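These notes are about the structure you will find just below.
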Amino acid sequence: MATEHVLLGAAAKFPVNSTSPIISFTPVIIPSPGRPAELQLRVTAPSTGDALPIILLSHGHGPSNWLSSLQGYAPLAEFWAKHGFVVIQPTHLSSRTLSLPSSEGDEMHWKSRSEDMIQILDQLDHIETVVPGLKGRLDRSKIAGVGHSFGTLTVSLLLGAKNTDPRDGAVYSPFERRIKAGILFGGLGNGGADMSENGRKMLPFYDLDFSTMHAPTLVVGGEDDVGPHLTVRGADWHWDAYTHGPGPKDLLRVKGGRHGFGGISGWDAAETQDESPQRLGFVQRTSLAYLRSQLYEGDDSWKKACEVLAGLNELGSVESKS
């Protein structure tokens, strides 16, 4: 987008670095022998600049037909790219655009999602070659993972969390050291007794342990994000990665925020129950600040964002632990 929305409001008080024009290239096809569908990506990048940090963005499993794929999350991908990041978005096998059957033990293709992200990292040479103008411009020492909703399971596992299937005790832990930091938007919380009956039916494989997730992580939780279809608890279930995970962790509580955080999954998306240019601008700018400070030693963007937020209680609040 060429300009900020006129309804950005108080979110405009959060400072950001200068912007540049962006390119969005899709599909980038990754060779995937044995995968039920070829792995397709969207790559959104600044048109200029070198040594660009990388964000792997894992989509959710929402009710829309298109947004849970590489077609979604333009409000995040475009914003981060305008401010200097290369954003890589896969279409996971769980996407409604594919509607593929899944197997017992890999319901909703939950394991293959993490495998997609690892495959992307293994194929960065190929991605650089395919995307026009990207060759030699990636900084592979600066990689972050971001997930929304079901995508937070993908990213949590890559950041060090472990899932134990309650049916057979099988442990799955695809920890990925190349990913240095993460952001979880509307994350999945504790399993077991905290799941609703419907949640256990939807996610029979699920019982995530955050105690081993040591990577720096920003957990973004909507204070009105209540999901009885998954949990018997309230909105705080969505920030269990902060509550039960070791530091360093930060929790950004979004005032009035529901599962869409103002509209992160798409422009004017019907599934967004809390659409707000101001709320969207708030999470765009604070997430950018967090990523910059985690990936660049000495960068104080996150510190400045927290200082601004201290005077804007109507937007939300932040707490941290080391």
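To be explicit about the labels: the chains of the structure tokens are called A, B, and onward in the order shown, and within each one the residues are counted from 1, while ligands get numbers from 1 in the order they are shown.
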Could you name the residues that touch stretch 260-270 of chain A at 7 Å or less, counting only C-alpha atoms, but leaving out those on the same chain fewer than 5 positions away, as number ranges by chain?
A: 67, 72-76, 222, 275-277, 279-280
For stretch 10-33 of chain A versus stretch 298-311 of chain A, which residues have an atom no more than 12 Å away, and what is each residue's nearest atom pair and distance in Å rounded to one decimal, using only C-alpha atoms, chain-then-number order, as JSON lines?
{"residue": "A:Ala10", "atom": "CA", "partner": "A:Leu309", "partner_atom": "CA", "distance": 9.8}
{"residue": "A:Ala11", "atom": "CA", "partner": "A:Leu309", "partner_atom": "CA", "distance": 9.3}
{"residue": "A:Ala12", "atom": "CA", "partner": "A:Val308", "partner_atom": "CA", "distance": 10.4}
{"residue": "A:Lys13", "atom": "CA", "partner": "A:Val308", "partner_atom": "CA", "distance": 7.1}
{"residue": "A:Phe14", "atom": "CA", "partner": "A:Ala305", "partner_atom": "CA", "distance": 5.9}
{"residue": "A:Pro15", "atom": "CA", "partner": "A:Ala305", "partner_atom": "CA", "distance": 7.3}
{"residue": "A:Val16", "atom": "CA", "partner": "A:Ser301", "partner_atom": "CA", "distance": 8.0}
{"residue": "A:Asn17", "atom": "CA", "partner": "A:Ser301", "partner_atom": "CA", "distance": 9.2}
Can you write just those residues out, all heavy atoms, as a CSV table (one decimal), in the first residue's frame?
chain,number,residue,atom,x,y,z
A,10,ALA,N,-3.8,6.3,16.9
A,10,ALA,CA,-2.7,6.3,17.9
A,10,ALA,C,-1.6,5.4,17.5
A,10,ALA,O,-0.5,5.6,18.0
A,10,ALA,CB,-3.2,6.0,19.3
A,11,ALA,N,-1.9,4.4,16.6
A,11,ALA,CA,-0.8,3.5,16.2
A,11,ALA,C,0.3,4.2,15.5
A,11,ALA,O,1.5,3.8,15.4
A,11,ALA,CB,-1.4,2.4,15.3
A,12,ALA,N,0.0,5.4,14.9
A,12,ALA,CA,1.0,6.2,14.2
A,12,ALA,C,2.1,6.7,15.1
A,12,ALA,O,3.2,7.1,14.7
A,12,ALA,CB,0.4,7.4,13.5
A,13,LYS,N,1.9,6.6,16.4
A,13,LYS,CA,2.9,7.1,17.4
A,13,LYS,C,4.1,6.2,17.5
A,13,LYS,O,5.1,6.5,18.1
A,13,LYS,CB,2.2,7.4,18.7
A,13,LYS,CG,1.2,8.5,18.7
A,13,LYS,CD,0.6,8.8,20.1
A,13,LYS,CE,-0.4,9.9,20.0
A,13,LYS,NZ,-1.0,10.2,21.4
A,14,PHE,N,3.9,4.9,17.1
A,14,PHE,CA,5.0,4.0,17.1
A,14,PHE,C,6.0,4.2,16.0
A,14,PHE,O,5.6,4.1,14.8
A,14,PHE,CB,4.5,2.5,17.1
A,14,PHE,CG,3.7,2.1,18.3
A,14,PHE,CD1,2.3,2.3,18.3
A,14,PHE,CD2,4.3,1.6,19.4
A,14,PHE,CE1,1.6,1.9,19.4
A,14,PHE,CE2,3.6,1.2,20.5
A,14,PHE,CZ,2.2,1.4,20.5
A,15,PRO,N,7.2,4.5,16.3
A,15,PRO,CA,8.2,4.9,15.2
A,15,PRO,C,8.5,3.6,14.4
A,15,PRO,O,8.6,2.5,14.9
A,15,PRO,CB,9.4,5.4,16.0
A,15,PRO,CG,9.3,4.7,17.3
A,15,PRO,CD,7.8,4.6,17.6
A,16,VAL,N,8.7,3.9,13.1
A,16,VAL,CA,9.2,2.8,12.1
A,16,VAL,C,10.3,3.4,11.3
A,16,VAL,O,10.4,4.6,11.1
A,16,VAL,CB,8.0,2.3,11.3
A,16,VAL,CG1,7.0,1.5,12.1
A,16,VAL,CG2,7.4,3.4,10.5
A,17,ASN,N,11.1,2.5,10.7
A,17,ASN,CA,12.1,2.9,9.8
A,17,ASN,C,11.5,3.3,8.5
A,17,ASN,O,10.3,3.0,8.2
A,17,ASN,CB,13.2,1.8,9.7
A,17,ASN,CG,12.6,0.5,9.1
A,17,ASN,OD1,11.6,0.1,9.6
A,17,ASN,ND2,13.3,-0.1,8.1
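For stretch 156-295 of chain A, backbone-based DSSP assignment of strand (DSSP E) covers Lys162, Asn163, Thr164, Val171, Tyr172, Ala181, Gly182, Ile183, Leu184, Phe185, Leu208, Asp209, Thr217, Leu218, Val219, Val220, Gly221, Gly222, Lys249, Asp250, Leu251, Leu252, Arg253 and Val254 of chain A.
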Pick out the residues sitting within 10 Å of A:Thr97, and hand them over as a list in words; count only C-alpha atoms, and ignore anything fewer than 3 positions along from it in its own chain.
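The residues that qualify are Ser64, Asn65, Trp66, Leu67, Ser68, Ser69, Leu70, Gln71, Thr91, His92, Leu93, Ser94 and Leu100 of chain A.
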Take the residues just selected and output them with N, CA and C atoms as a short mmCIF file (atom, residue, chain, number, x, y, z; two decimals), in the first residue's frame.
data_model
loop_
_atom_site.label_atom_id
_atom_site.label_comp_id
_atom_site.auth_asym_id
_atom_site.auth_seq_id
_atom_site.Cartn_x
_atom_site.Cartn_y
_atom_site.Cartn_z
N SER A 64 -12.10 -18.98 5.89
CA SER A 64 -12.14 -18.46 4.52
C SER A 64 -11.63 -19.49 3.52
N ASN A 65 -11.94 -19.28 2.26
CA ASN A 65 -11.54 -20.22 1.22
C ASN A 65 -10.11 -20.00 0.73
N TRP A 66 -9.60 -18.77 0.85
CA TRP A 66 -8.32 -18.43 0.24
C TRP A 66 -7.24 -17.98 1.21
N LEU A 67 -7.61 -17.36 2.32
CA LEU A 67 -6.60 -16.69 3.14
C LEU A 67 -5.67 -17.65 3.86
N SER A 68 -6.12 -18.88 4.11
CA SER A 68 -5.25 -19.86 4.76
C SER A 68 -4.39 -20.55 3.69
N SER A 69 -3.51 -19.75 3.11
CA SER A 69 -2.63 -20.19 2.03
C SER A 69 -1.65 -19.06 1.76
N LEU A 70 -0.86 -19.21 0.70
CA LEU A 70 0.05 -18.12 0.32
C LEU A 70 -0.71 -16.89 -0.17
N GLN A 71 -2.03 -17.02 -0.35
CA GLN A 71 -2.84 -15.88 -0.79
C GLN A 71 -3.16 -14.92 0.36
N THR A 91 2.03 -22.45 1.11
CA THR A 91 0.71 -23.03 1.25
C THR A 91 0.89 -24.41 1.86
N HIS A 92 0.50 -24.56 3.13
CA HIS A 92 0.63 -25.85 3.80
C HIS A 92 -0.42 -26.83 3.27
N LEU A 93 -0.18 -28.12 3.47
CA LEU A 93 -1.10 -29.15 3.01
C LEU A 93 -2.46 -29.06 3.67
N SER A 94 -2.54 -28.37 4.82
CA SER A 94 -3.83 -28.22 5.52
C SER A 94 -4.72 -27.16 4.88
N LEU A 100 -6.92 -31.52 1.02
CA LEU A 100 -6.38 -32.87 0.94
C LEU A 100 -6.74 -33.67 2.19
#
Find the residues near stretch 229-245 of chain A: any atom within 9 Å, counting only C-alpha atoms, skip ones fewer than 4 places away on the same chain, and give them as a ChimeraX atom specification.
/A:149,156,161,184-191,193-200,202-203,209-214,217-225,249-251,253,258,320-321
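The residue that comes closest to A:Ala81, out of A:Leu8, A:Leu288, A:Leu312, A:Val28 and on the basis of only C-alpha atoms, is A:Leu288.
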For A:Ser112, find every residue with an atom within 10 Å (counting only C-alpha atoms), except residues of its own chain fewer than 3 positions away, and show them as a list in words.
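Returned residues: Arg35, His92, Leu93, Ser94, Asp106, Glu107, Met108, His109, Glu115, Asp116, Met117, Ile118 and Thr154 of chain A.
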Go ahead and write the residues just picked, all heavy atoms, as an mmCIF file, in the first residue's frame.
data_model
loop_
_atom_site.group_PDB
_atom_site.id
_atom_site.type_symbol
_atom_site.label_atom_id
_atom_site.label_comp_id
_atom_site.auth_asym_id
_atom_site.auth_seq_id
_atom_site.Cartn_x
_atom_site.Cartn_y
_atom_site.Cartn_z
ATOM 1 N N ARG A 35 5.522 -35.537 -1.700
ATOM 2 C CA ARG A 35 4.517 -34.670 -1.073
ATOM 3 C C ARG A 35 3.231 -34.743 -1.889
ATOM 4 O O ARG A 35 3.281 -34.726 -3.127
ATOM 5 C CB ARG A 35 5.053 -33.235 -1.008
ATOM 6 C CG ARG A 35 4.286 -32.280 -0.092
ATOM 7 C CD ARG A 35 5.029 -30.932 -0.043
ATOM 8 N NE ARG A 35 4.467 -30.019 0.945
ATOM 9 C CZ ARG A 35 3.522 -29.114 0.688
ATOM 10 N NH1 ARG A 35 3.033 -29.009 -0.531
ATOM 11 N NH2 ARG A 35 3.084 -28.323 1.648
ATOM 12 N N HIS A 92 0.502 -24.555 3.129
ATOM 13 C CA HIS A 92 0.629 -25.845 3.803
ATOM 14 C C HIS A 92 -0.420 -26.829 3.268
ATOM 15 O O HIS A 92 -1.451 -26.426 2.706
ATOM 16 C CB HIS A 92 0.448 -25.674 5.306
ATOM 17 C CG HIS A 92 1.505 -24.859 5.976
ATOM 18 N ND1 HIS A 92 2.846 -25.202 5.947
ATOM 19 C CD2 HIS A 92 1.425 -23.711 6.701
ATOM 20 C CE1 HIS A 92 3.541 -24.316 6.640
ATOM 21 N NE2 HIS A 92 2.707 -23.396 7.102
ATOM 22 N N LEU A 93 -0.176 -28.115 3.474
ATOM 23 C CA LEU A 93 -1.098 -29.150 3.008
ATOM 24 C C LEU A 93 -2.462 -29.060 3.673
ATOM 25 O O LEU A 93 -3.446 -29.599 3.168
ATOM 26 C CB LEU A 93 -0.499 -30.534 3.244
ATOM 27 C CG LEU A 93 0.727 -30.896 2.398
ATOM 28 C CD1 LEU A 93 1.258 -32.259 2.801
ATOM 29 C CD2 LEU A 93 0.396 -30.858 0.908
ATOM 30 N N SER A 94 -2.545 -28.374 4.821
ATOM 31 C CA SER A 94 -3.826 -28.221 5.516
ATOM 32 C C SER A 94 -4.721 -27.159 4.883
ATOM 33 O O SER A 94 -5.882 -27.010 5.280
ATOM 34 C CB SER A 94 -3.576 -27.839 6.983
ATOM 35 O OG SER A 94 -2.862 -26.604 7.056
ATOM 36 N N ASP A 106 -1.278 -37.527 11.771
ATOM 37 C CA ASP A 106 -0.922 -36.267 11.118
ATOM 38 C C ASP A 106 -2.189 -35.526 10.702
ATOM 39 O O ASP A 106 -2.272 -34.977 9.608
ATOM 40 C CB ASP A 106 -0.013 -36.526 9.908
ATOM 41 C CG ASP A 106 0.664 -35.248 9.396
ATOM 42 O OD1 ASP A 106 0.794 -34.290 10.189
ATOM 43 O OD2 ASP A 106 1.034 -35.201 8.213
ATOM 44 N N GLU A 107 -3.182 -35.533 11.603
ATOM 45 C CA GLU A 107 -4.429 -34.831 11.332
ATOM 46 C C GLU A 107 -4.145 -33.366 11.018
ATOM 47 O O GLU A 107 -3.308 -32.735 11.629
ATOM 48 C CB GLU A 107 -5.366 -34.937 12.545
ATOM 49 C CG GLU A 107 -5.898 -36.340 12.806
ATOM 50 C CD GLU A 107 -4.980 -37.182 13.695
ATOM 51 O OE1 GLU A 107 -3.853 -36.723 14.007
ATOM 52 O OE2 GLU A 107 -5.392 -38.296 14.086
ATOM 53 N N MET A 108 -4.894 -32.857 10.033
ATOM 54 C CA MET A 108 -4.719 -31.476 9.584
ATOM 55 C C MET A 108 -3.287 -31.218 9.110
ATOM 56 O O MET A 108 -2.839 -30.079 9.047
ATOM 57 C CB MET A 108 -5.111 -30.486 10.693
ATOM 58 C CG MET A 108 -6.588 -30.575 11.081
ATOM 59 S SD MET A 108 -7.011 -29.557 12.518
ATOM 60 C CE MET A 108 -6.748 -27.904 11.848
ATOM 61 N N HIS A 109 -2.570 -32.308 8.776
ATOM 62 C CA HIS A 109 -1.206 -32.203 8.247
ATOM 63 C C HIS A 109 -0.303 -31.387 9.173
ATOM 64 O O HIS A 109 0.570 -30.641 8.723
ATOM 65 C CB HIS A 109 -1.222 -31.576 6.848
ATOM 66 C CG HIS A 109 -2.039 -32.359 5.857
ATOM 67 N ND1 HIS A 109 -1.558 -33.479 5.204
ATOM 68 C CD2 HIS A 109 -3.317 -32.187 5.415
ATOM 69 C CE1 HIS A 109 -2.492 -33.959 4.402
ATOM 70 N NE2 HIS A 109 -3.568 -33.194 4.510
ATOM 71 N N GLU A 115 7.740 -29.415 8.526
ATOM 72 C CA GLU A 115 8.616 -29.929 7.481
ATOM 73 C C GLU A 115 8.686 -28.965 6.303
ATOM 74 O O GLU A 115 9.745 -28.811 5.677
ATOM 75 C CB GLU A 115 8.120 -31.308 7.036
ATOM 76 C CG GLU A 115 8.227 -32.370 8.132
ATOM 77 C CD GLU A 115 7.439 -33.629 7.829
ATOM 78 O OE1 GLU A 115 6.799 -33.680 6.749
ATOM 79 O OE2 GLU A 115 7.451 -34.548 8.666
ATOM 80 N N ASP A 116 7.555 -28.298 5.992
ATOM 81 C CA ASP A 116 7.560 -27.283 4.927
ATOM 82 C C ASP A 116 8.572 -26.188 5.225
ATOM 83 O O ASP A 116 9.342 -25.766 4.343
ATOM 84 C CB ASP A 116 6.174 -26.653 4.786
ATOM 85 C CG ASP A 116 5.135 -27.586 4.210
ATOM 86 O OD1 ASP A 116 5.507 -28.631 3.639
ATOM 87 O OD2 ASP A 116 3.937 -27.259 4.332
ATOM 88 N N MET A 117 8.558 -25.694 6.461
ATOM 89 C CA MET A 117 9.440 -24.586 6.831
ATOM 90 C C MET A 117 10.914 -24.998 6.769
ATOM 91 O O MET A 117 11.777 -24.238 6.306
ATOM 92 C CB MET A 117 9.089 -24.082 8.227
ATOM 93 C CG MET A 117 7.688 -23.528 8.361
ATOM 94 S SD MET A 117 7.310 -22.265 7.121
ATOM 95 C CE MET A 117 6.169 -21.226 8.027
ATOM 96 N N ILE A 118 11.205 -26.209 7.215
ATOM 97 C CA ILE A 118 12.585 -26.701 7.153
ATOM 98 C C ILE A 118 13.022 -26.856 5.702
ATOM 99 O O ILE A 118 14.161 -26.509 5.331
ATOM 100 C CB ILE A 118 12.701 -28.024 7.928
ATOM 101 C CG1 ILE A 118 12.475 -27.770 9.414
ATOM 102 C CG2 ILE A 118 14.068 -28.673 7.695
ATOM 103 C CD1 ILE A 118 12.329 -29.031 10.248
ATOM 104 N N THR A 154 2.965 -24.707 14.328
ATOM 105 C CA THR A 154 4.110 -24.895 13.435
ATOM 106 C C THR A 154 5.331 -24.160 13.967
ATOM 107 O O THR A 154 6.421 -24.734 14.103
ATOM 108 C CB THR A 154 3.762 -24.357 12.032
ATOM 109 O OG1 THR A 154 2.566 -24.969 11.571
ATOM 110 C CG2 THR A 154 4.886 -24.613 11.051
#
DSSP says alpha helix (DSSP H) for which residues of stretch 65-208 of chain A? Put them as number ranges by chain?
A: 74-82, 110-122, 124-130, 151-158, 197-202
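For the atom pair formed by atom CA of A:Ile143 and atom CA of A:Ile54, the distance is 4.7 Å, given to one decimal.
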For A:Phe25, which residue out of A:Asp122, A:Asp168, A:Glu314, A:Glu128 is the nearest one, using only C-alpha atoms?
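Closest to A:Phe25, using only C-alpha atoms: A:Glu128.
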Computed interatomic separation between atom CA of A:Ser32 and atom CA of A:Ile183 (Å)
27.0 Å
